[in-house]
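Content type TSV, C-alpha atoms, from the file protein-v9.tsv:
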```tsv
chain	number	residue	atom	x	y	z
A	15	MET	CA	-126.48	-76.18	-195.20
A	16	LEU	CA	-126.83	-76.85	-191.49
A	17	ASP	CA	-126.68	-74.04	-188.96
A	18	ALA	CA	-123.84	-74.15	-186.42
A	19	LYS	CA	-125.96	-75.30	-183.45
A	20	THR	CA	-127.66	-78.12	-185.35
A	21	PHE	CA	-124.33	-79.31	-186.76
A	22	ARG	CA	-122.64	-79.20	-183.36
A	23	ARG	CA	-125.39	-81.20	-181.60
A	24	ALA	CA	-125.59	-83.77	-184.38
A	25	ARG	CA	-121.80	-84.11	-184.41
A	26	ILE	CA	-121.76	-84.76	-180.65
A	27	GLY	CA	-124.56	-87.30	-180.89
A	28	THR	CA	-122.90	-89.13	-183.77
A	29	ALA	CA	-119.51	-89.14	-182.03
A	30	ILE	CA	-121.04	-90.71	-178.92
A	31	SER	CA	-122.82	-93.30	-181.08
A	32	PHE	CA	-119.47	-94.32	-182.53
A	33	PHE	CA	-117.99	-94.48	-179.05
A	34	LEU	CA	-120.79	-96.71	-177.74
A	35	ASN	CA	-120.45	-99.16	-180.63
A	36	GLY	CA	-116.70	-99.41	-180.08
A	37	PHE	CA	-117.10	-99.63	-176.31
A	38	GLY	CA	-119.33	-102.69	-176.56
A	39	HIS	CA	-117.13	-104.31	-179.18
A	40	GLY	CA	-113.90	-103.67	-177.28
A	41	THR	CA	-115.19	-105.22	-174.08
A	42	PHE	CA	-116.30	-108.34	-175.95
A	43	VAL	CA	-112.91	-108.70	-177.67
A	44	ALA	CA	-111.03	-108.41	-174.37
A	45	ARG	CA	-113.11	-111.23	-172.90
A	46	ILE	CA	-112.83	-113.63	-175.88
A	47	PRO	CA	-110.01	-115.65	-174.22
A	48	ASP	CA	-112.15	-116.08	-171.09
A	49	LEU	CA	-115.21	-117.07	-173.08
A	50	LYS	CA	-113.06	-119.54	-175.05
A	51	ASN	CA	-111.77	-121.04	-171.80
A	52	GLN	CA	-115.27	-121.35	-170.36
A	53	LEU	CA	-116.37	-123.28	-173.45
A	54	GLY	CA	-113.16	-125.33	-173.69
A	55	ILE	CA	-112.95	-125.05	-177.49
A	56	SER	CA	-110.10	-125.02	-180.03
A	57	ASN	CA	-108.99	-122.13	-182.23
A	58	SER	CA	-110.84	-123.53	-185.24
A	59	VAL	CA	-114.08	-123.95	-183.27
A	60	LEU	CA	-113.74	-120.40	-181.94
A	61	GLY	CA	-113.18	-119.22	-185.52
A	62	THR	CA	-116.37	-120.96	-186.63
A	63	SER	CA	-118.25	-119.40	-183.71
A	64	LEU	CA	-117.02	-115.94	-184.65
A	65	PHE	CA	-118.35	-116.58	-188.15
A	66	PHE	CA	-121.88	-116.42	-186.73
A	67	GLY	CA	-121.22	-112.90	-185.51
A	68	ALA	CA	-119.93	-111.89	-188.92
A	69	ALA	CA	-122.94	-113.56	-190.59
A	70	GLY	CA	-125.18	-111.41	-188.41
A	71	VAL	CA	-123.30	-108.36	-189.68
A	72	LEU	CA	-123.95	-109.25	-193.32
A	73	ALA	CA	-127.59	-110.08	-192.66
A	74	SER	CA	-128.28	-106.59	-191.26
A	75	LEU	CA	-126.65	-104.35	-193.86
A	76	GLN	CA	-129.36	-104.14	-196.52
A	77	LEU	CA	-132.06	-103.62	-193.90
A	78	ALA	CA	-130.04	-100.89	-192.20
A	79	GLY	CA	-129.50	-99.08	-195.49
A	80	TRP	CA	-133.22	-99.31	-196.28
A	81	LEU	CA	-134.18	-97.95	-192.85
A	82	CYS	CA	-131.85	-94.97	-193.30
A	83	ALA	CA	-133.30	-94.23	-196.72
A	84	LYS	CA	-136.91	-94.54	-195.58
A	85	TYR	CA	-136.78	-92.89	-192.13
A	86	GLY	CA	-133.56	-90.86	-192.25
A	87	SER	CA	-130.21	-91.76	-190.73
A	88	GLY	CA	-130.76	-89.60	-187.62
A	89	PRO	CA	-133.89	-91.31	-186.24
A	90	THR	CA	-132.53	-94.72	-187.28
A	91	THR	CA	-129.30	-94.14	-185.36
A	92	LYS	CA	-131.19	-92.91	-182.30
A	93	TYR	CA	-133.30	-96.04	-181.95
A	94	LEU	CA	-130.55	-98.47	-182.86
A	95	ASN	CA	-128.36	-96.97	-180.12
A	96	PHE	CA	-130.73	-98.47	-177.58
A	97	SER	CA	-130.62	-101.87	-179.27
A	98	LEU	CA	-126.89	-102.12	-178.46
A	99	LEU	CA	-127.58	-102.80	-174.79
A	100	ILE	CA	-129.43	-106.06	-175.54
A	101	THR	CA	-126.67	-108.39	-176.66
A	102	PRO	CA	-123.72	-108.09	-174.20
A	103	PRO	CA	-125.60	-109.90	-171.40
A	104	LEU	CA	-126.75	-112.55	-173.90
A	105	ILE	CA	-123.13	-113.31	-174.78
A	106	GLY	CA	-122.11	-113.18	-171.12
A	107	LEU	CA	-124.55	-115.93	-170.19
A	108	ASN	CA	-122.43	-118.31	-172.32
A	109	LEU	CA	-124.80	-121.27	-171.90
A	110	GLY	CA	-122.84	-123.58	-174.17
A	111	LEU	CA	-121.53	-123.48	-177.72
A	112	VAL	CA	-124.93	-123.27	-179.46
A	113	TRP	CA	-125.99	-120.36	-177.25
A	114	PHE	CA	-122.63	-118.66	-177.83
A	115	CYS	CA	-123.06	-118.87	-181.62
A	116	PHE	CA	-126.67	-117.63	-181.42
A	117	SER	CA	-125.75	-114.69	-179.22
A	118	LEU	CA	-122.90	-113.72	-181.57
A	119	LEU	CA	-125.34	-113.81	-184.52
A	120	ILE	CA	-127.70	-111.40	-182.77
A	121	ASN	CA	-124.81	-109.24	-181.59
A	122	GLY	CA	-123.38	-108.95	-185.09
A	123	PHE	CA	-126.79	-108.06	-186.54
A	124	ILE	CA	-127.54	-105.29	-184.04
A	125	PHE	CA	-124.08	-103.72	-183.85
A	126	ALA	CA	-123.70	-103.68	-187.65
A	127	ALA	CA	-127.13	-102.12	-188.22
A	128	GLN	CA	-126.30	-99.32	-185.81
A	129	ASP	CA	-122.87	-99.03	-187.47
A	130	VAL	CA	-124.38	-98.43	-190.91
A	131	ALA	CA	-126.85	-95.89	-189.53
A	132	MET	CA	-124.25	-93.83	-187.67
A	133	ASN	CA	-121.90	-93.89	-190.67
A	134	ALA	CA	-124.74	-92.71	-192.91
A	135	HIS	CA	-125.48	-89.94	-190.42
A	136	GLY	CA	-121.81	-88.96	-190.35
A	137	SER	CA	-121.73	-88.84	-194.14
A	138	THR	CA	-124.87	-86.69	-194.15
A	139	LEU	CA	-123.15	-84.25	-191.80
A	140	GLU	CA	-120.16	-84.04	-194.16
A	141	VAL	CA	-122.35	-83.49	-197.22
A	142	ASN	CA	-124.49	-80.81	-195.54
A	143	SER	CA	-121.73	-78.93	-193.74
A	144	LYS	CA	-118.69	-79.27	-196.04
A	145	TYR	CA	-116.53	-80.32	-193.08
A	146	ARG	CA	-114.58	-83.60	-192.99
A	147	VAL	CA	-115.57	-85.43	-189.81
A	148	MET	CA	-115.75	-89.14	-190.67
A	149	SER	CA	-112.22	-90.06	-189.62
A	150	LYS	CA	-112.71	-88.31	-186.27
A	151	PHE	CA	-115.94	-90.25	-185.73
A	152	HIS	CA	-114.07	-93.49	-186.34
A	153	ALA	CA	-111.43	-92.27	-183.89
A	154	LEU	CA	-114.21	-92.13	-181.30
A	155	TRP	CA	-115.10	-95.71	-182.20
A	156	SER	CA	-111.50	-96.74	-181.61
A	157	LEU	CA	-111.42	-94.76	-178.36
A	158	GLY	CA	-114.55	-96.62	-177.29
A	159	ALA	CA	-112.96	-99.94	-178.24
A	160	PHE	CA	-109.82	-98.96	-176.32
A	161	SER	CA	-111.87	-98.09	-173.24
A	162	GLY	CA	-113.92	-101.25	-173.45
A	163	GLY	CA	-110.82	-103.36	-174.04
A	164	ALA	CA	-108.99	-101.79	-171.11
A	165	LEU	CA	-111.95	-102.31	-168.80
A	166	GLY	CA	-112.26	-105.88	-170.02
A	167	GLY	CA	-108.59	-106.42	-169.27
A	168	VAL	CA	-109.00	-105.03	-165.76
A	169	ALA	CA	-112.07	-107.23	-165.24
A	170	THR	CA	-110.03	-110.24	-166.34
A	171	GLN	CA	-107.22	-109.32	-163.97
A	172	PHE	CA	-109.62	-109.14	-161.02
A	173	LYS	CA	-111.47	-112.28	-162.16
A	174	ILE	CA	-114.79	-110.54	-162.73
A	175	SER	CA	-117.04	-112.80	-164.78
A	176	PRO	CA	-117.83	-111.80	-168.40
A	177	LEU	CA	-121.56	-111.70	-167.54
A	178	ILE	CA	-121.16	-109.12	-164.77
A	179	ASN	CA	-118.74	-107.17	-166.95
A	180	PHE	CA	-121.21	-107.13	-169.86
A	181	ILE	CA	-124.19	-106.12	-167.70
A	182	TYR	CA	-122.34	-102.99	-166.61
A	183	ILE	CA	-121.49	-102.26	-170.24
A	184	SER	CA	-125.19	-102.36	-171.15
A	185	ILE	CA	-126.00	-99.95	-168.33
A	186	VAL	CA	-123.42	-97.47	-169.64
A	187	ILE	CA	-124.83	-97.76	-173.17
A	188	PHE	CA	-128.36	-97.12	-171.92
A	189	ILE	CA	-127.35	-93.99	-170.00
A	190	PHE	CA	-125.53	-92.37	-172.93
A	191	ALA	CA	-128.13	-93.40	-175.53
A	192	THR	CA	-130.76	-91.68	-173.39
A	193	LEU	CA	-128.72	-88.50	-172.98
A	194	ILE	CA	-128.16	-88.02	-176.74
A	195	ARG	CA	-131.54	-89.22	-178.03
A	196	ASN	CA	-132.53	-85.74	-179.30
A	197	PHE	CA	-129.18	-84.72	-180.78
A	198	TYR	CA	-129.63	-86.11	-184.30
A	199	LEU	CA	-130.70	-84.53	-187.57
A	200	ASN	CA	-134.35	-84.68	-188.59
A	201	SER	CA	-135.45	-87.38	-191.01
A	202	SER	CA	-136.15	-84.75	-193.70
A	203	VAL	CA	-132.43	-84.06	-194.15
A	204	ASP	CA	-131.52	-87.34	-195.85
A	205	LYS	CA	-134.46	-89.68	-196.26
A	206	HIS	CA	-134.99	-90.77	-199.88
A	207	GLU	CA	-137.94	-91.87	-201.96
A	208	LEU	CA	-137.49	-95.62	-202.46
A	209	LYS	CA	-140.07	-96.22	-205.17
A	210	HIS	CA	-138.71	-97.44	-208.52
A	211	ARG	CA	-135.10	-97.22	-207.34
A	212	MET	CA	-134.60	-100.64	-205.85
A	213	LYS	CA	-134.36	-102.38	-209.21
A	214	LYS	CA	-131.68	-100.12	-210.65
A	215	LYS	CA	-128.19	-101.46	-211.13
A	216	ARG	CA	-125.88	-100.51	-208.32
A	217	PRO	CA	-122.83	-98.48	-209.39
A	218	LYS	CA	-119.60	-100.52	-209.45
A	219	VAL	CA	-117.61	-97.81	-207.72
A	220	PHE	CA	-119.13	-98.70	-204.36
A	221	PHE	CA	-118.09	-102.34	-204.70
A	222	ILE	CA	-114.53	-101.24	-205.54
A	223	LEU	CA	-114.41	-99.05	-202.45
A	224	GLY	CA	-115.67	-102.01	-200.48
A	225	LEU	CA	-112.88	-104.26	-201.73
A	226	LEU	CA	-110.29	-101.77	-200.56
A	227	GLY	CA	-111.98	-101.62	-197.21
A	228	LEU	CA	-112.11	-105.43	-197.08
A	229	CYS	CA	-108.32	-105.66	-197.11
A	230	ALA	CA	-108.19	-103.44	-194.04
A	231	ALA	CA	-111.12	-105.22	-192.38
A	232	VAL	CA	-109.32	-108.58	-192.44
A	233	GLY	CA	-106.40	-107.04	-190.53
A	234	GLU	CA	-108.66	-105.13	-188.14
A	235	GLY	CA	-110.80	-108.18	-187.41
A	236	ALA	CA	-107.80	-110.48	-186.96
A	237	ALA	CA	-106.09	-107.99	-184.66
A	238	ALA	CA	-109.23	-107.68	-182.55
A	239	ASP	CA	-110.15	-111.35	-182.26
A	240	TRP	CA	-106.77	-113.08	-182.19
A	241	GLY	CA	-104.26	-110.76	-180.52
A	242	GLY	CA	-105.09	-111.91	-177.01
A	243	ILE	CA	-105.12	-115.56	-178.06
A	244	LEU	CA	-101.73	-115.24	-179.79
A	245	ILE	CA	-99.90	-113.56	-176.93
A	246	ARG	CA	-101.40	-115.90	-174.32
A	247	ASP	CA	-101.25	-119.30	-176.03
A	248	THR	CA	-98.07	-118.83	-178.09
A	249	PHE	CA	-96.02	-116.57	-175.83
A	250	ASN	CA	-97.43	-117.44	-172.38
A	251	ALA	CA	-98.81	-114.02	-171.39
A	252	ASN	CA	-101.45	-113.70	-168.70
A	253	GLY	CA	-103.62	-111.17	-166.89
A	254	PHE	CA	-103.81	-107.68	-168.36
A	255	MET	CA	-101.05	-108.56	-170.86
A	256	VAL	CA	-103.62	-110.65	-172.75
A	257	ALA	CA	-105.69	-107.54	-173.45
A	258	LEU	CA	-102.67	-105.30	-174.18
A	259	PRO	CA	-102.25	-106.06	-177.93
A	260	PHE	CA	-105.82	-104.93	-178.60
A	261	VAL	CA	-105.42	-101.92	-176.30
A	262	LEU	CA	-102.28	-100.81	-178.16
A	263	PHE	CA	-103.97	-101.47	-181.48
A	264	CYS	CA	-106.90	-99.27	-180.48
A	265	THR	CA	-104.54	-96.55	-179.24
A	266	THR	CA	-102.85	-96.20	-182.60
A	267	MET	CA	-106.23	-96.48	-184.33
A	268	VAL	CA	-107.45	-93.50	-182.29
A	269	VAL	CA	-104.38	-91.39	-183.06
A	270	GLY	CA	-104.45	-92.31	-186.74
A	271	ARG	CA	-108.13	-91.56	-187.13
A	272	LEU	CA	-107.92	-88.25	-185.27
A	273	SER	CA	-105.24	-87.29	-187.80
A	274	GLY	CA	-106.96	-88.85	-190.82
A	275	ASP	CA	-109.09	-85.92	-191.96
A	276	PHE	CA	-106.11	-83.55	-191.77
A	277	LEU	CA	-103.76	-85.96	-193.54
A	278	ALA	CA	-106.27	-86.67	-196.31
A	279	HIS	CA	-106.70	-82.95	-196.89
A	280	LYS	CA	-102.94	-82.33	-196.91
A	281	PHE	CA	-101.68	-85.32	-198.92
A	282	GLY	CA	-104.78	-86.63	-200.67
A	283	THR	CA	-106.82	-89.76	-199.99
A	284	LYS	CA	-104.88	-91.86	-202.49
A	285	ASN	CA	-101.43	-91.10	-201.05
A	286	LEU	CA	-102.71	-91.55	-197.52
A	287	ILE	CA	-104.14	-95.03	-198.17
A	288	VAL	CA	-101.14	-96.21	-200.21
A	289	THR	CA	-98.78	-95.24	-197.39
A	290	ALA	CA	-101.10	-96.68	-194.74
A	291	GLY	CA	-101.15	-100.08	-196.44
A	292	LEU	CA	-97.36	-100.20	-196.63
A	293	ILE	CA	-96.98	-99.29	-192.96
A	294	ALA	CA	-99.53	-101.90	-191.85
A	295	GLY	CA	-98.16	-104.70	-194.04
A	296	PHE	CA	-94.49	-104.29	-193.27
A	297	GLY	CA	-95.07	-103.44	-189.61
A	298	LEU	CA	-97.19	-106.50	-188.89
A	299	SER	CA	-94.78	-108.79	-190.73
A	300	THR	CA	-91.79	-107.40	-188.82
A	301	GLY	CA	-93.43	-107.88	-185.44
A	302	LEU	CA	-94.42	-111.46	-186.22
A	303	VAL	CA	-90.87	-112.30	-187.33
A	304	ILE	CA	-89.42	-110.77	-184.14
A	305	GLY	CA	-91.79	-112.92	-182.09
A	306	GLY	CA	-92.26	-113.01	-178.33
A	307	GLN	CA	-94.61	-110.81	-176.35
A	308	LEU	CA	-92.70	-107.70	-177.44
A	309	GLY	CA	-92.99	-108.69	-181.10
A	310	VAL	CA	-96.77	-109.07	-180.81
A	311	LEU	CA	-97.11	-105.68	-179.14
A	312	VAL	CA	-94.97	-104.03	-181.84
A	313	ALA	CA	-96.94	-105.75	-184.59
A	314	TRP	CA	-100.34	-104.69	-183.25
A	315	PHE	CA	-99.11	-101.15	-182.57
A	316	ILE	CA	-97.90	-100.61	-186.14
A	317	LEU	CA	-100.83	-102.43	-187.74
A	318	GLY	CA	-103.24	-100.04	-186.03
A	319	SER	CA	-101.18	-97.06	-187.18
A	320	GLY	CA	-101.45	-98.20	-190.77
A	321	ILE	CA	-105.02	-99.34	-191.29
A	322	SER	CA	-106.67	-96.78	-189.00
A	323	VAL	CA	-107.66	-94.39	-191.78
A	324	VAL	CA	-108.76	-96.82	-194.50
A	325	ILE	CA	-112.35	-97.70	-193.62
A	326	PRO	CA	-113.37	-94.13	-192.61
A	327	MET	CA	-112.11	-92.88	-195.96
A	328	MET	CA	-114.07	-95.57	-197.81
A	329	PHE	CA	-117.32	-94.65	-196.04
A	330	SER	CA	-116.76	-90.93	-196.49
A	331	ALA	CA	-116.09	-91.38	-200.19
A	332	ALA	CA	-119.17	-93.58	-200.60
A	333	GLY	CA	-121.50	-91.01	-199.07
A	334	SER	CA	-119.99	-88.16	-201.05
A	335	ILE	CA	-120.11	-90.00	-204.38
A	336	ALA	CA	-123.70	-91.10	-203.80
A	337	ASP	CA	-124.79	-87.53	-203.09
A	338	LYS	CA	-122.87	-85.89	-205.94
A	339	GLU	CA	-123.05	-88.44	-208.76
A	340	TYR	CA	-125.94	-90.85	-208.03
A	341	ARG	CA	-128.37	-88.79	-205.97
A	342	ASN	CA	-131.44	-89.96	-207.91
A	343	GLN	CA	-130.31	-93.56	-207.94
A	344	ILE	CA	-129.03	-94.39	-204.47
A	345	SER	CA	-129.00	-92.78	-201.02
A	346	GLY	CA	-125.90	-92.22	-198.93
A	347	GLY	CA	-127.08	-94.83	-196.43
A	348	GLU	CA	-127.58	-97.43	-199.15
A	349	ALA	CA	-124.18	-96.65	-200.69
A	350	ILE	CA	-122.50	-97.05	-197.30
A	351	ALA	CA	-124.41	-100.30	-196.81
A	352	ILE	CA	-122.91	-101.63	-200.08
A	353	VAL	CA	-119.39	-100.60	-199.08
A	354	SER	CA	-120.01	-102.03	-195.61
A	355	GLY	CA	-121.26	-105.31	-197.05
A	356	VAL	CA	-118.12	-105.87	-199.10
A	357	THR	CA	-115.80	-104.46	-196.43
A	358	TYR	CA	-117.32	-106.50	-193.62
A	359	PHE	CA	-116.87	-109.69	-195.56
A	360	GLY	CA	-113.31	-109.27	-194.28
A	361	PHE	CA	-114.70	-109.58	-190.77
A	362	VAL	CA	-116.65	-112.64	-191.92
A	363	ALA	CA	-113.73	-114.41	-193.57
A	364	GLY	CA	-110.86	-113.12	-191.45
A	365	PRO	CA	-111.45	-114.59	-187.97
A	366	PRO	CA	-112.52	-118.09	-189.14
A	367	LEU	CA	-109.68	-118.17	-191.67
A	368	MET	CA	-107.18	-117.33	-188.96
A	369	GLY	CA	-108.54	-120.11	-186.76
A	370	TYR	CA	-108.50	-122.79	-189.44
A	371	ILE	CA	-105.01	-121.94	-190.69
A	372	ALA	CA	-103.69	-121.52	-187.15
A	373	ASP	CA	-104.54	-125.14	-186.39
A	374	HIS	CA	-102.22	-126.17	-189.25
A	375	ILE	CA	-99.33	-123.68	-189.32
A	376	SER	CA	-99.74	-121.82	-185.97
A	377	LEU	CA	-101.58	-118.57	-185.33
A	378	ARG	CA	-98.33	-116.60	-185.49
A	379	TRP	CA	-97.72	-117.38	-189.15
A	380	ALA	CA	-101.40	-117.30	-190.09
A	381	MET	CA	-101.31	-113.60	-189.22
A	382	LEU	CA	-99.09	-113.02	-192.26
A	383	ILE	CA	-102.30	-113.17	-194.32
A	384	PRO	CA	-103.62	-109.77	-193.12
A	385	ALA	CA	-100.10	-108.40	-193.57
A	386	ALA	CA	-100.15	-109.47	-197.22
A	387	LEU	CA	-103.64	-108.02	-197.72
A	388	ALA	CA	-102.48	-104.68	-196.35
A	389	LEU	CA	-99.87	-104.60	-199.11
A	390	VAL	CA	-102.55	-105.55	-201.66
A	391	LEU	CA	-104.60	-102.62	-200.34
A	392	SER	CA	-101.68	-100.28	-200.96
A	393	ILE	CA	-101.18	-101.51	-204.53
A	394	GLY	CA	-104.90	-101.43	-205.29
A	395	ALA	CA	-105.37	-97.91	-203.97
A	396	ARG	CA	-102.47	-96.71	-206.09
A	397	LYS	CA	-104.14	-98.07	-209.25
A	398	ILE	CA	-107.80	-97.29	-208.52
A	399	LEU	CA	-108.06	-94.04	-206.57
A	400	ASN	CA	-107.68	-90.64	-208.18
```
Translate the structure described by the file into structure tokens.
Amino acid sequence: MLDAKTFRRARIGTAISFFLNGFGHGTFVARIPDLKNQLGISNSVLGTSLFFGAAGVLASLQLAGWLCAKYGSGPTTKYLNFSLLITPPLIGLNLGLVWFCFSLLINGFIFAAQDVAMNAHGSTLEVNSKYRVMSKFHALWSLGAFSGGALGGVATQFKISPLINFIYISIVIFIFATLIRNFYLNSSVDKHELKHRMKKKRPKVFFILGLLGLCAAVGEGAAADWGGILIRDTFNANGFMVALPFVLFCTTMVVGRLSGDFLAHKFGTKNLIVTAGLIAGFGLSTGLVIGGQLGVLVAWFILGSGISVVIPMMFSAAGSIADKEYRNQISGGEAIAIVSGVTYFGFVAGPPLMGYIADHISLRWAMLIPAALALVLSIGARKILN
């Protein structure tokens, strides 16, 4: 068990890591409409471009899990924090479509690797302290995304270029990564011997948890990447209003995730996820049917309220199950990497799927797909979780 001082410092460092990841992501999302305008591309081309970012995510997961197992999640998180400052300026340069796709690939790879490491570190804190903290960490991610999205919206309003905006984001990341570099747990806490374990069959439970997370990831990814496009192109919003759907979405994600650990303890993980899926599915559908700028804001607000707790609970469960039931077979970092790999396929498939379908039936009605998947999540959780 960790002593109070070690736990407190590691918790602060991990929380800030989550914030930095969300901060960078939120700023990028808020500037997607501007980047799209600079390139002069259609929804389907933008969807294909976003696929490169998601492909970078998938390409990094196994490596990130291996690094956590070999060197410990603490040191891995520390060094990957600094890598986050590399890609925002690369995207901001926006030197044509090929460069845009390349920069998204690198961005997805780096941000996802750091994501796996910090989630593994959060799970290690839970296992070694007996406190539930994962949902609160994800609340810090959402708070970071909210902050980045709001700043991106302000930058758009004052016509600050994405490149200048992204350079300042990298400076902020560097400052905080430097301040917390010594806050993490030592490698000895959770590094695992890798010899002879890589060939063993991976437990199916982690893939099932990933599928549940995937249903939420499609909605989260679609809300992040397409909210601004929907309210601007379909309902003629402009200025800060373009960033507002994502800002509202992140607000409810923060509130939901701050409450997630308490709610899971009080009502149980199964009941929490079943209810969350119903709220997200019906709320998003209702807002889309209402239509208009108000309908979009209502839809994104309720969607965030519903799916906020799903992915944190999947990661927390993965780390706990790996430690308690498969300790000699798989590390917590590797288990989270499996869940992440399946979950993040939703981020791979979601944005391109929305773009392709939007070109045929409109983006408004294409967004019914994540609404339906939220209901599938609710049904699946009811049947699978204990």
TODO: Skip Asn200 of chain A itself and residues of its chain fewer than 4 positions away, then list as a list in words all residues within 9 Å of it, counting all atoms listed in the file.
DONE: Gly86, Ser87, Gly88, Pro89 and Asp204 of chain A
Open item on the list: Report, in Å with one decimal, the straight-line distance from atom CA of Phe180 of chain A to atom CA of Pro384 of chain A.
Closed with: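 Between these atoms lies a distance of 29.3 Å.
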- [ ] Skip segment 315-318 of chain A itself and residues of its chain fewer than 4 positions away, then list as a PyMOL selection string all residues within 12 Å of it, counting only C-alpha atoms.
- [x] chain A and resi 153+156+160+230-238+241+258-271+290-302+308-311+322-324+381-382+384-389
TODO: Compute the distance from (-115.7, -118.6, -168.4) to each atom, counting all atoms listed in the file, keep the residues with any atom at most 12 Å away, and return them as a PyMOL selection string; use the coordinates of the file.
DONE: chain A and resi 45-55+105-110+114+170+173-179
Keeping C-alpha atoms for every residue in the selection just given, could you write it to a file as a PDB file, keeping the file's coordinate frame?
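The result, stored in selection-v7.pdb:
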```pdb
ATOM      1  CA  ARG A  45    -113.110-111.230-172.900  1.00  0.00           C
ATOM      2  CA  ILE A  46    -112.830-113.630-175.880  1.00  0.00           C
ATOM      3  CA  PRO A  47    -110.010-115.650-174.220  1.00  0.00           C
ATOM      4  CA  ASP A  48    -112.150-116.080-171.090  1.00  0.00           C
ATOM      5  CA  LEU A  49    -115.210-117.070-173.080  1.00  0.00           C
ATOM      6  CA  LYS A  50    -113.060-119.540-175.050  1.00  0.00           C
ATOM      7  CA  ASN A  51    -111.770-121.040-171.800  1.00  0.00           C
ATOM      8  CA  GLN A  52    -115.270-121.350-170.360  1.00  0.00           C
ATOM      9  CA  LEU A  53    -116.370-123.280-173.450  1.00  0.00           C
ATOM     10  CA  GLY A  54    -113.160-125.330-173.690  1.00  0.00           C
ATOM     11  CA  ILE A  55    -112.950-125.050-177.490  1.00  0.00           C
ATOM     12  CA  ILE A 105    -123.130-113.310-174.780  1.00  0.00           C
ATOM     13  CA  GLY A 106    -122.110-113.180-171.120  1.00  0.00           C
ATOM     14  CA  LEU A 107    -124.550-115.930-170.190  1.00  0.00           C
ATOM     15  CA  ASN A 108    -122.430-118.310-172.320  1.00  0.00           C
ATOM     16  CA  LEU A 109    -124.800-121.270-171.900  1.00  0.00           C
ATOM     17  CA  GLY A 110    -122.840-123.580-174.170  1.00  0.00           C
ATOM     18  CA  PHE A 114    -122.630-118.660-177.830  1.00  0.00           C
ATOM     19  CA  THR A 170    -110.030-110.240-166.340  1.00  0.00           C
ATOM     20  CA  LYS A 173    -111.470-112.280-162.160  1.00  0.00           C
ATOM     21  CA  ILE A 174    -114.790-110.540-162.730  1.00  0.00           C
ATOM     22  CA  SER A 175    -117.040-112.800-164.780  1.00  0.00           C
ATOM     23  CA  PRO A 176    -117.830-111.800-168.400  1.00  0.00           C
ATOM     24  CA  LEU A 177    -121.560-111.700-167.540  1.00  0.00           C
ATOM     25  CA  ILE A 178    -121.160-109.120-164.770  1.00  0.00           C
ATOM     26  CA  ASN A 179    -118.740-107.170-166.950  1.00  0.00           C
TER      27      ASN A 179
END
```
Open item on the list: What's the separation between atom CA of Pro326 of chain A and atom CA of Gly122 of chain A, in Å to one decimal place?
Closed with: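 So the two atoms, atom CA of Pro326 of chain A and atom CA of Gly122 of chain A, lie 19.4 Å apart.
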Open item on the list: Between atom CA of Leu94 of chain A and atom CA of Ala18 of chain A, what is the distance in Å, rounded to a tenth?
Closed with: 25.5 Å
Task: Nearest to His374 of chain A by atom-to-atom distance, counting only C-alpha atoms, from A:Ser58, A:Thr192, A:Ser345, A:Ser149 - done: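 Smallest distance to His374 of chain A is found for A:Ser58.
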Open item on the list: Could you list, as a list in words, every residue within 9 Å of Gly306 of chain A, counting all atoms listed in the file and ignoring same-chain residues fewer than 6 positions away?
Closed with: Ile245, Thr248 and Phe249 of chain A
Task: Top pick for closest residue to Pro366 of chain A, considering A:Ala83, A:Ala68, A:Ala134, A:Val303 and counting all atoms listed in the file - done: A:Ala68
Task: Test item: residues at most 9 Å from Phe33 of chain A, only C-alpha atoms, excluding those fewer than 3 positions along its chain, as JSON, numbers by chain - done: {"A": [28, 29, 30, 36, 37, 38, 151, 152, 153, 154, 155, 156, 157, 158, 159]}
Can those selected residues be exported to a file as a tab-separated table (two decimals), in the frame of the given file so that it contains C-alpha atoms?
```tsv
chain	number	residue	atom	x	y	z
A	28	THR	CA	-122.90	-89.13	-183.77
A	29	ALA	CA	-119.51	-89.14	-182.03
A	30	ILE	CA	-121.04	-90.71	-178.92
A	36	GLY	CA	-116.70	-99.41	-180.08
A	37	PHE	CA	-117.10	-99.63	-176.31
A	38	GLY	CA	-119.33	-102.69	-176.56
A	151	PHE	CA	-115.94	-90.25	-185.73
A	152	HIS	CA	-114.07	-93.49	-186.34
A	153	ALA	CA	-111.43	-92.27	-183.89
A	154	LEU	CA	-114.21	-92.13	-181.30
A	155	TRP	CA	-115.10	-95.71	-182.20
A	156	SER	CA	-111.50	-96.74	-181.61
A	157	LEU	CA	-111.42	-94.76	-178.36
A	158	GLY	CA	-114.55	-96.62	-177.29
A	159	ALA	CA	-112.96	-99.94	-178.24
```
Open item on the list: List as number ranges by chain the protein and nucleic acid residues near Gly79 of chain A, meaning an atom at most 7 Å away when all atoms listed in the file are counted, but skip any in the same chain fewer than 4 places from it.
Closed with: A: 75, 83, 130, 347-348, 351
Task: A:Phe361, A:Trp314, A:Phe190, A:Tyr145 ranked by distance to Phe66 of chain A, top pick (using only C-alpha atoms) - done: A:Phe361
